[in-house]
file final-v9.pdb (PDB, C-alpha atoms)
ATOM      1  CA  MET A 141      28.079 -10.715-121.182
ATOM      2  CA  VAL A 142      27.714 -12.828-124.310
ATOM      3  CA  THR A 143      29.493 -11.181-127.231
ATOM      4  CA  ALA A 144      28.533 -11.250-130.888
ATOM      5  CA  ARG A 145      31.850 -12.983-131.575
ATOM      6  CA  ALA A 146      30.949 -15.821-129.199
ATOM      7  CA  ILE A 147      27.582 -16.270-130.889
ATOM      8  CA  ALA A 148      29.217 -16.197-134.359
ATOM      9  CA  ALA A 149      31.732 -18.835-133.226
ATOM     10  CA  ALA A 150      28.913 -20.998-131.884
ATOM     11  CA  GLU A 151      27.048 -20.629-135.184
ATOM     12  CA  THR A 152      30.176 -21.769-137.043
ATOM     13  CA  ASP A 153      30.556 -24.758-134.703
ATOM     14  CA  LEU A 154      26.914 -25.665-135.251
ATOM     15  CA  ARG A 155      27.268 -25.431-139.022
ATOM     16  CA  LYS A 156      30.287 -27.732-138.974
ATOM     17  CA  ALA A 157      28.542 -30.171-136.619
ATOM     18  CA  GLU A 158      25.442 -30.247-138.833
ATOM     19  CA  GLN A 159      27.590 -30.857-141.914
ATOM     20  CA  SER A 160      29.293 -33.750-140.126
ATOM     21  CA  ALA A 161      25.890 -35.151-139.172
ATOM     22  CA  ILE A 162      24.701 -34.870-142.769
ATOM     23  CA  HIS A 163      27.792 -36.744-143.970
ATOM     24  CA  ALA A 164      27.337 -39.416-141.272
ATOM     25  CA  ARG A 165      23.695 -39.935-142.269
ATOM     26  CA  GLY A 166      24.761 -40.323-145.893
ATOM     27  CA  MET A 167      27.378 -42.934-144.969
ATOM     28  CA  LEU A 168      24.820 -44.798-142.864
ATOM     29  CA  GLN A 169      22.409 -44.814-145.775
ATOM     30  CA  LYS A 170      25.103 -46.300-148.033
ATOM     31  CA  ALA A 171      26.013 -48.917-145.422
ATOM     32  CA  THR A 172      22.360 -49.983-145.109
ATOM     33  CA  VAL A 173      22.331 -52.388-148.045
ATOM     34  CA  ARG A 174      19.014 -53.884-146.989
ATOM     35  CA  ASP A 175      16.185 -52.990-144.603
ATOM     36  CA  GLY A 176      17.772 -51.474-141.493
ATOM     37  CA  ARG A 177      15.833 -53.857-139.281
ATOM     38  CA  LEU A 178      17.481 -56.806-141.027
ATOM     39  CA  MET A 179      21.075 -55.548-140.937
ATOM     40  CA  SER A 180      21.583 -56.703-137.350
ATOM     41  CA  MET A 181      20.385 -60.176-138.371
ATOM     42  CA  LEU A 182      23.406 -60.688-140.615
ATOM     43  CA  PRO A 183      26.229 -62.841-139.194
ATOM     44  CA  SER A 184      28.483 -60.867-136.845
ATOM     45  CA  SER A 185      31.449 -61.648-139.136
ATOM     46  CA  ASP A 186      29.682 -60.231-142.211
ATOM     47  CA  PRO A 187      31.576 -57.093-143.352
ATOM     48  CA  ARG A 188      28.261 -55.497-144.338
ATOM     49  CA  ARG A 189      27.008 -55.760-140.755
ATOM     50  CA  ARG A 190      30.275 -54.390-139.367
ATOM     51  CA  SER A 191      30.129 -51.440-141.774
ATOM     52  CA  PHE A 192      26.505 -50.821-140.822
ATOM     53  CA  GLU A 193      27.269 -50.907-137.096
ATOM     54  CA  ASP A 194      30.279 -48.610-137.531
ATOM     55  CA  ALA A 195      28.217 -46.161-139.586
ATOM     56  CA  THR A 196      25.376 -46.304-137.032
ATOM     57  CA  ARG A 197      27.797 -45.502-134.220
ATOM     58  CA  GLU A 198      29.415 -42.643-136.144
ATOM     59  CA  CYS A 199      26.005 -41.255-137.062
ATOM     60  CA  ALA A 200      24.864 -41.317-133.414
ATOM     61  CA  ILE A 201      28.022 -39.482-132.341
ATOM     62  CA  ALA A 202      27.623 -36.849-135.066
ATOM     63  CA  GLU A 203      23.929 -36.359-134.239
ATOM     64  CA  ARG A 204      24.744 -35.919-130.550
ATOM     65  CA  GLN A 205      27.473 -33.382-131.290
ATOM     66  CA  ALA A 206      25.132 -31.425-133.550
ATOM     67  CA  HIS A 207      22.469 -31.466-130.816
ATOM     68  CA  GLU A 208      24.984 -30.229-128.261
ATOM     69  CA  ALA A 209      26.156 -27.468-130.619
ATOM     70  CA  ARG A 210      22.545 -26.399-131.201
ATOM     71  CA  ALA A 211      21.854 -26.360-127.446
ATOM     72  CA  LYS A 212      24.985 -24.290-126.806
ATOM     73  CA  LEU A 213      24.005 -21.739-129.443
ATOM     74  CA  ASP A 214      20.473 -21.526-128.040
ATOM     75  CA  ARG A 215      21.884 -20.890-124.562
ATOM     76  CA  LEU A 216      24.132 -18.107-125.838
ATOM     77  CA  ARG A 217      21.297 -16.482-127.751
ATOM     78  CA  SER A 218      19.011 -16.740-124.737
ATOM     79  CA  ALA A 219      21.654 -15.127-122.535
ATOM     80  CA  ASN A 220      21.967 -12.380-125.125
ATOM     81  CA  GLY A 221      18.263 -11.637-125.069
ATOM     82  CA  GLY A 222      17.196 -14.348-127.473
ATOM     83  CA  GLY A 223      18.916 -12.848-130.502
ATOM     84  CA  LYS A 224      17.757 -14.124-133.872
ATOM     85  CA  PRO A 225      20.060 -16.213-136.060
ATOM     86  CA  SER A 226      22.270 -14.018-138.235
ATOM     87  CA  VAL A 227      20.562 -13.609-141.604
ATOM     88  CA  LYS A 228      23.761 -12.285-143.198
ATOM     89  CA  GLN A 229      25.830 -15.213-141.936
ATOM     90  CA  ALA A 230      23.177 -17.711-143.048
ATOM     91  CA  ARG A 231      23.199 -16.213-146.548
ATOM     92  CA  LEU A 232      27.007 -16.319-146.701
ATOM     93  CA  ASN A 233      27.001 -19.941-145.558
ATOM     94  CA  LEU A 234      24.471 -20.803-148.257
ATOM     95  CA  ALA A 235      26.518 -19.086-150.976
ATOM     96  CA  THR A 236      29.590 -21.039-149.860
ATOM     97  CA  ALA A 237      27.669 -24.337-149.823
ATOM     98  CA  ILE A 238      26.300 -23.712-153.335
ATOM     99  CA  GLU A 239      29.805 -22.985-154.647
ATOM    100  CA  HIS A 240      31.159 -26.154-153.014
ATOM    101  CA  GLU A 241      28.403 -28.222-154.594
ATOM    102  CA  LYS A 242      29.115 -26.743-158.032
ATOM    103  CA  ARG A 243      32.785 -27.662-157.686
ATOM    104  CA  ALA A 244      31.906 -31.145-156.487
ATOM    105  CA  ARG A 245      29.539 -31.700-159.429
ATOM    106  CA  SER A 246      32.175 -30.395-161.850
ATOM    107  CA  ALA A 247      34.692 -32.846-160.405
ATOM    108  CA  VAL A 248      32.222 -35.704-160.930
ATOM    109  CA  ASN A 249      31.684 -34.678-164.555
ATOM    110  CA  ALA A 250      35.429 -34.360-165.142
ATOM    111  CA  ALA A 251      36.029 -37.819-163.662
ATOM    112  CA  ALA A 252      33.333 -39.297-165.897
ATOM    113  CA  MET A 253      34.927 -37.709-168.983
ATOM    114  CA  GLU A 254      38.373 -38.946-167.909
ATOM    115  CA  LYS A 255      37.059 -42.487-167.479
ATOM    116  CA  ALA A 256      35.315 -42.407-170.867
ATOM    117  CA  ALA A 257      38.464 -41.114-172.586
ATOM    118  CA  ASP A 258      40.607 -43.795-170.934
ATOM    119  CA  GLU A 259      38.209 -46.541-171.997
ATOM    120  CA  ALA A 260      38.213 -45.203-175.556
ATOM    121  CA  ARG A 261      42.034 -45.104-175.671
ATOM    122  CA  THR A 262      42.269 -48.631-174.283
ATOM    123  CA  ALA A 263      39.723 -50.001-176.738
ATOM    124  CA  ARG A 264      41.456 -48.307-179.681
ATOM    125  CA  ALA A 265      44.895 -49.630-178.662
ATOM    126  CA  GLN A 266      43.586 -53.169-178.188
ATOM    127  CA  LEU A 267      41.840 -53.066-181.556
ATOM    128  CA  GLU A 268      44.963 -51.821-183.346
ATOM    129  CA  HIS A 269      47.109 -54.457-181.642
ATOM    130  CA  ALA A 270      44.654 -57.238-182.550
ATOM    131  CA  GLU A 271      44.540 -56.122-186.199
ATOM    132  CA  ALA A 272      48.358 -56.005-186.415
ATOM    133  CA  GLY A 273      48.629 -59.469-184.851
ATOM    134  CA  ALA A 274      46.117 -60.867-187.315
ATOM    135  CA  GLU A 275      48.055 -59.504-190.288
ATOM    136  CA  GLU A 276      51.342 -60.938-189.006
ATOM    137  CA  ALA A 277      49.735 -64.314-188.396
ATOM    138  CA  LYS A 278      48.619 -64.415-192.018
ATOM    139  CA  ALA A 279      52.072 -63.588-193.317
ATOM    140  CA  GLU A 280      54.217 -65.870-191.128
ATOM    141  CA  THR A 281      53.726 -69.335-189.706
ATOM    142  CA  THR A 282      57.255 -70.179-188.574
ATOM    143  CA  ALA A 283      58.101 -71.163-185.005
ATOM    144  CA  ALA A 284      59.930 -67.863-184.554
ATOM    145  CA  ALA A 285      56.857 -65.967-185.694
ATOM    146  CA  MET A 286      54.629 -67.934-183.319
ATOM    147  CA  ALA A 287      57.013 -67.222-180.434
ATOM    148  CA  LYS A 288      56.955 -63.561-181.370
ATOM    149  CA  ALA A 289      53.175 -63.647-181.453
ATOM    150  CA  ARG A 290      53.056 -65.266-178.012
ATOM    151  CA  SER A 291      55.378 -62.570-176.718
ATOM    152  CA  LYS A 292      53.120 -59.901-178.113
ATOM    153  CA  LEU A 293      50.118 -61.646-176.613
ATOM    154  CA  THR A 294      51.754 -61.579-173.194
ATOM    155  CA  ALA A 295      52.551 -57.888-173.636
ATOM    156  CA  ALA A 296      48.972 -57.232-174.700
ATOM    157  CA  GLU A 297      47.686 -59.020-171.618
ATOM    158  CA  ASP A 298      49.944 -56.850-169.470
ATOM    159  CA  VAL A 299      48.560 -53.754-171.166
ATOM    160  CA  ALA A 300      45.005 -55.000-170.644
ATOM    161  CA  GLN A 301      45.687 -55.638-166.957
ATOM    162  CA  ALA A 302      47.206 -52.181-166.578
ATOM    163  CA  ALA A 303      44.130 -50.719-168.267
ATOM    164  CA  ALA A 304      41.856 -52.685-165.921
ATOM    165  CA  ASN A 305      43.792 -51.389-162.925
ATOM    166  CA  MET A 306      43.521 -47.827-164.199
ATOM    167  CA  ARG A 307      39.803 -48.284-164.803
ATOM    168  CA  ALA A 308      39.344 -49.585-161.259
ATOM    169  CA  LYS A 309      41.169 -46.537-159.879
ATOM    170  CA  LEU A 310      39.030 -44.217-161.976
ATOM    171  CA  GLU A 311      35.858 -45.963-160.810
ATOM    172  CA  GLN A 312      36.966 -45.668-157.179
ATOM    173  CA  LYS A 313      37.756 -41.994-157.702
ATOM    174  CA  ALA A 314      34.368 -41.456-159.359
ATOM    175  CA  ALA A 315      32.590 -43.137-156.433
ATOM    176  CA  GLU A 316      34.422 -40.937-153.943
ATOM    177  CA  LEU A 317      33.557 -37.836-155.953
ATOM    178  CA  ASP A 318      29.921 -38.948-156.140
ATOM    179  CA  ARG A 319      29.798 -39.222-152.352
ATOM    180  CA  ALA A 320      31.431 -35.810-152.005
ATOM    181  CA  ALA A 321      28.879 -34.312-154.394
ATOM    182  CA  GLU A 322      25.998 -35.902-152.490
ATOM    183  CA  ASP A 323      27.385 -34.538-149.218
ATOM    184  CA  ALA A 324      27.710 -31.098-150.807
ATOM    185  CA  GLY A 325      24.095 -31.292-151.953
ATOM    186  CA  ARG A 326      22.922 -32.179-148.462
ATOM    187  CA  GLN A 327      24.960 -29.307-147.041
ATOM    188  CA  VAL A 328      23.240 -26.928-149.468
ATOM    189  CA  GLN A 329      19.854 -28.122-148.231
ATOM    190  CA  ALA A 330      20.940 -27.625-144.612
ATOM    191  CA  ALA A 331      22.147 -24.113-145.477
ATOM    192  CA  VAL A 332      18.836 -23.386-147.220
ATOM    193  CA  ASP A 333      16.970 -24.435-144.079
ATOM    194  CA  ALA A 334      19.233 -22.189-141.984
ATOM    195  CA  VAL A 335      18.416 -19.168-144.182
ATOM    196  CA  ILE A 336      14.668 -19.783-143.959
ATOM    197  CA  ARG A 337      14.909 -20.308-140.197
ATOM    198  CA  ALA A 338      16.870 -17.063-139.839
ATOM    199  CA  GLU A 339      14.373 -15.030-141.850
ATOM    200  CA  LEU A 340      11.161 -16.636-140.600
ATOM    201  CA  SER A 341      11.208 -16.150-136.833
ATOM    202  CA  VAL A 342       9.995 -19.276-135.044
ATOM    203  CA  GLY A 343       9.093 -17.216-131.988
ATOM    204  CA  GLU A 344       6.941 -14.824-133.995
ATOM    205  CA  LEU A 345       5.250 -17.687-135.833
ATOM    206  CA  LEU A 346       4.494 -19.455-132.551
ATOM    207  CA  ALA A 347       3.027 -16.305-131.018
ATOM    208  CA  GLU A 348       0.904 -15.581-134.087
ATOM    209  CA  THR A 349      -0.246 -19.205-134.290
ATOM    210  CA  ALA A 350      -1.288 -19.096-130.621
ATOM    211  CA  ARG A 351      -3.377 -15.957-131.247
ATOM    212  CA  LEU A 352      -5.013 -17.393-134.341
ATOM    213  CA  THR A 353      -5.651 -20.726-132.635
ATOM    214  CA  GLU A 354      -7.426 -18.959-129.779
ATOM    215  CA  ARG A 355      -9.713 -17.187-132.249
ATOM    216  CA  LEU A 356     -10.288 -20.444-134.144
ATOM    217  CA  VAL A 357     -11.316 -22.206-130.937
ATOM    218  CA  VAL A 358     -13.791 -19.410-130.170
ATOM    219  CA  LYS A 359     -15.339 -19.688-133.628
ATOM    220  CA  ARG A 360     -15.531 -23.479-133.525
ATOM    221  CA  LEU A 361     -17.138 -23.562-130.081
ATOM    222  CA  THR A 362     -19.605 -20.878-131.146
ATOM    223  CA  LEU A 363     -20.589 -22.933-134.184
ATOM    224  CA  ARG A 364     -20.877 -26.046-132.015
ATOM    225  CA  ALA A 365     -23.233 -24.270-129.648
ATOM    226  CA  LEU A 366     -25.347 -22.982-132.543
ATOM    227  CA  SER A 367     -25.642 -26.513-133.929
ATOM    228  CA  PHE A 368     -27.805 -27.448-130.913
ATOM    229  CA  PHE A 369     -30.277 -24.615-131.468
ATOM    230  CA  GLU A 370     -33.702 -25.773-132.595
ATOM    231  CA  THR A 371     -33.741 -23.014-135.201
ATOM    232  CA  THR A 372     -30.628 -24.415-136.873
ATOM    233  CA  SER A 373     -31.510 -26.391-139.986
ATOM    234  CA  ALA A 374     -30.271 -29.889-140.745
ATOM    235  CA  GLU A 375     -28.230 -28.524-143.647
ATOM    236  CA  GLU A 376     -26.575 -25.974-141.345
ATOM    237  CA  ARG A 377     -25.822 -28.680-138.766
ATOM    238  CA  ARG A 378     -24.100 -30.789-141.414
ATOM    239  CA  ALA A 379     -22.047 -27.792-142.555
ATOM    240  CA  ILE A 380     -21.094 -26.963-138.955
ATOM    241  CA  GLN A 381     -20.096 -30.575-138.262
ATOM    242  CA  ASP A 382     -17.955 -30.672-141.392
ATOM    243  CA  THR A 383     -16.271 -27.394-140.463
ATOM    244  CA  ILE A 384     -15.459 -28.076-136.814
ATOM    245  CA  THR A 385     -14.211 -31.617-137.463
ATOM    246  CA  ALA A 386     -12.095 -30.836-140.520
ATOM    247  CA  PRO A 387      -8.480 -31.932-139.857
ATOM    248  CA  LEU A 388      -5.761 -29.306-139.902
ATOM    249  CA  PRO A 389      -2.182 -29.734-141.198
ATOM    250  CA  GLY A 390       0.143 -30.916-138.467
ATOM    251  CA  MET A 391      -2.503 -32.542-136.295
ATOM    252  CA  PRO A 392      -1.426 -35.848-134.689
ATOM    253  CA  GLY A 393      -2.865 -38.761-136.605
ATOM    254  CA  GLU A 394      -4.200 -36.533-139.372
ATOM    255  CA  ALA A 395      -5.944 -38.554-142.037
ATOM    256  CA  HIS A 396      -5.158 -36.140-144.873
ATOM    257  CA  GLN A 397      -2.014 -35.429-146.832
ATOM    258  CA  PHE A 398      -1.288 -31.736-147.295
ATOM    259  CA  ALA A 399       1.656 -32.026-149.688
ATOM    260  CA  GLN A 400      -0.360 -30.234-152.382
ATOM    261  CA  HIS A 401      -1.354 -27.346-150.121
ATOM    262  CA  ALA A 402      -0.350 -23.969-151.574
ATOM    263  CA  VAL A 403       1.765 -23.079-148.516
ATOM    264  CA  VAL A 404       3.680 -26.381-148.639
ATOM    265  CA  GLN A 405       4.337 -25.879-152.343
ATOM    266  CA  THR A 406       5.451 -22.281-151.741
ATOM    267  CA  ILE A 407       7.993 -23.437-149.138
ATOM    268  CA  ALA A 408       9.241 -26.146-151.504
ATOM    269  CA  GLU A 409       9.661 -23.567-154.273
ATOM    270  CA  MET A 410      11.532 -21.211-151.919
ATOM    271  CA  ARG A 411      13.913 -24.021-150.935
ATOM    272  CA  ALA A 412      14.535 -24.911-154.587
ATOM    273  CA  GLN A 413      15.214 -21.266-155.504
ATOM    274  CA  LEU A 414      17.565 -20.779-152.550
ATOM    275  CA  ALA A 415      19.445 -23.980-153.395
ATOM    276  CA  ALA A 416      20.278 -22.439-156.783
ATOM    277  CA  ASP A 417      20.677 -18.801-155.718
ATOM    278  CA  ALA A 418      21.790 -17.665-152.255
ATOM    279  CA  THR A 419      20.174 -14.248-152.849
ATOM    280  CA  ALA A 420      16.681 -15.618-153.594
ATOM    281  CA  ALA A 421      13.887 -14.076-151.547
ATOM    282  CA  VAL A 422      12.218 -15.722-148.557
ATOM    283  CA  GLU A 423       8.513 -14.983-148.612
ATOM    284  CA  LYS A 424       6.890 -14.013-145.315
ATOM    285  CA  LEU A 425       4.028 -16.490-145.057
TER     286      LEU A 425
END
call {"tool": "encode", "arguments": {"input": "final-v9.pdb", "output": "structure tokens"}}
result
Amino acid sequence: MVTARAIAAAETDLRKAEQSAIHARGMLQKATVRDGRLMSMLPSSDPRRRSFEDATRECAIAERQAHEARAKLDRLRSANGGGKPSVKQARLNLATAIEHEKRARSAVNAAAMEKAADEARTARAQLEHAEAGAEEAKAETTAAAMAKARSKLTAAEDVAQAAANMRAKLEQKAAELDRAAEDAGRQVQAAVDAVIRAELSVGELLAETARLTERLVVKRLTLRALSFFETTSAEERRAIQDTITAPLPGMPGEAHQFAQHAVVQTIAEMRAQLAADATAAVEKL
């Protein structure tokens, strides 16, 4: 007997595996510095090619583990009578992902402010030091003064190098935080998809689509038969031909783009609302 705890554990494993896959895809995208088809044409010693191959391998592993986790969860649900994904758990996961993204974005903003403040402090200190050196140079021209000036110059160069090192560390930190924020954003989108999948039953949609498709086929074939009747006018034949040959969204090789269709836009709006608010409604389409 498959328990609810086992299914919940499998859902957690799947969520973690999908998050790992999202991160791996992001790293692969960053490692692909040119067209993916050209990366393997770089010299084998090129660090960019090695990074790309490593990221490709890690991405394949993460994708396989996510697939295995999904298959395991499907098996458990099937053994439990095909139970639907937990809507409550999906909503909780989404709320957690949104909070993580907010924290990640806040960290990015804080790092940017820290870097800007450090650059301002460095620039102000260098300016003050340069102005003081200029005044001393005007007042004294002795060998001792020149030696003192050289000493100060060396000290200033040390300060500048230290500032450059700090700036490099801040830039590295900012880059790492940017990647973390991007990963958090992708995890939010995955959690949004999980909520919609939990609330819009794929099985019910498939069954309803099959029923509607059967009725559509009946209507189309009826119209086709009527188009051969001698009493059917040329205008009616043209209308029938246009109707029964009109492409539908999702058809293989469809010649039309349906991105502006009301349903597609509604789904996009739902995803955007859920990404900002884990309690946003999912409309039954």
call {"tool": "resolve_selection", "arguments": {"input": "final-v9.pdb", "expression": "the PyMOL selection byres ((chain A and resi 154) around 10)", "output": "PyMOL selection string"}}
result
chain A and resi 148-153+155-160+205-213
call {"tool": "atom_distance", "arguments": {"input": "final-v9.pdb", "atom1": "CA of Glu370 in chain A", "atom2": "CA of Thr353 in chain A"}}
result
28.5 Å
call {"tool": "atom_distance", "arguments": {"input": "final-v9.pdb", "atom1": "CA of Arg188 in chain A", "atom2": "CA of Ala315 in chain A"}}
result
17.8 Å
call {"tool": "resolve_selection", "arguments": {"input": "final-v9.pdb", "expression": "the PyMOL selection byres ((chain A and resi 418) around 7)", "output": "CSV table (one decimal) with C-alpha atoms, in the frame of the given file"}}
result
chain,number,residue,atom,x,y,z
A,231,ARG,CA,23.2,-16.2,-146.5
A,234,LEU,CA,24.5,-20.8,-148.3
A,235,ALA,CA,26.5,-19.1,-151.0
A,414,LEU,CA,17.6,-20.8,-152.6
A,415,ALA,CA,19.4,-24.0,-153.4
A,416,ALA,CA,20.3,-22.4,-156.8
A,417,ASP,CA,20.7,-18.8,-155.7
A,419,THR,CA,20.2,-14.2,-152.8
A,420,ALA,CA,16.7,-15.6,-153.6
call {"tool": "closest_residue", "arguments": {"input": "final-v9.pdb", "among": "A:Leu340, A:Ala399, A:Val332, A:Ala321", "to": "Arg411 in chain A", "atoms": "only C-alpha atoms"}}
result
A:Val332
call {"tool": "residues_around", "arguments": {"input": "final-v9.pdb", "residues": "range 194-203 of chain A", "least_positions_apart": "3", "cutoff": "6 Å", "atoms": "all atoms listed in the file", "output": "number ranges by chain"}}
result
A: 161, 164-165, 168, 191, 206
call {"tool": "closest_residue", "arguments": {"input": "final-v9.pdb", "among": "A:Ala250, A:Glu193, A:Ile162, A:Ala402", "to": "Leu317 in chain A", "atoms": "all atoms listed in the file"}}
result
A:Ala250
call {"tool": "closest_residue", "arguments": {"input": "final-v9.pdb", "among": "A:Thr362, A:Asn233, A:Thr349, A:Ser367", "to": "Asp333 in chain A", "atoms": "only C-alpha atoms"}}
result
A:Asn233
call {"tool": "closest_residue", "arguments": {"input": "final-v9.pdb", "among": "A:Ala320, A:Lys170, A:Leu345, A:Pro187", "to": "Arg243 in chain A", "atoms": "all atoms listed in the file"}}
result
A:Ala320
call {"tool": "closest_residue", "arguments": {"input": "final-v9.pdb", "among": "A:Ala386, A:Ala338, A:Ala330, A:Ala314", "to": "Val422 in chain A", "atoms": "only C-alpha atoms"}}
result
A:Ala338
call {"tool": "closest_residue", "arguments": {"input": "final-v9.pdb", "among": "A:Ala379, A:Val358, A:Ile147, A:Ala421", "to": "Glu409 in chain A", "atoms": "only C-alpha atoms"}}
result
A:Ala421
call {"tool": "residues_around", "arguments": {"input": "final-v9.pdb", "residues": "Leu366 in chain A", "least_positions_apart": "3", "cutoff": "12 Å", "atoms": "only C-alpha atoms", "output": "list in words"}}
result
Lys359, Arg360, Leu361, Thr362, Leu363, Phe369, Glu370, Thr371, Thr372, Ser373, Ala374, Glu376, Arg377, Arg378, Ala379, Ile380, Gln381 and Ile384 of chain A
call {"tool": "residues_near_point", "arguments": {"input": "final-v9.pdb", "point": "(26.6, -51.7, -144.0)", "cutoff": "6 Å", "atoms": "only C-alpha atoms", "output": "list in words"}}
result
Ala171, Thr172, Val173, Arg188, Arg189, Ser191 and Phe192 of chain A
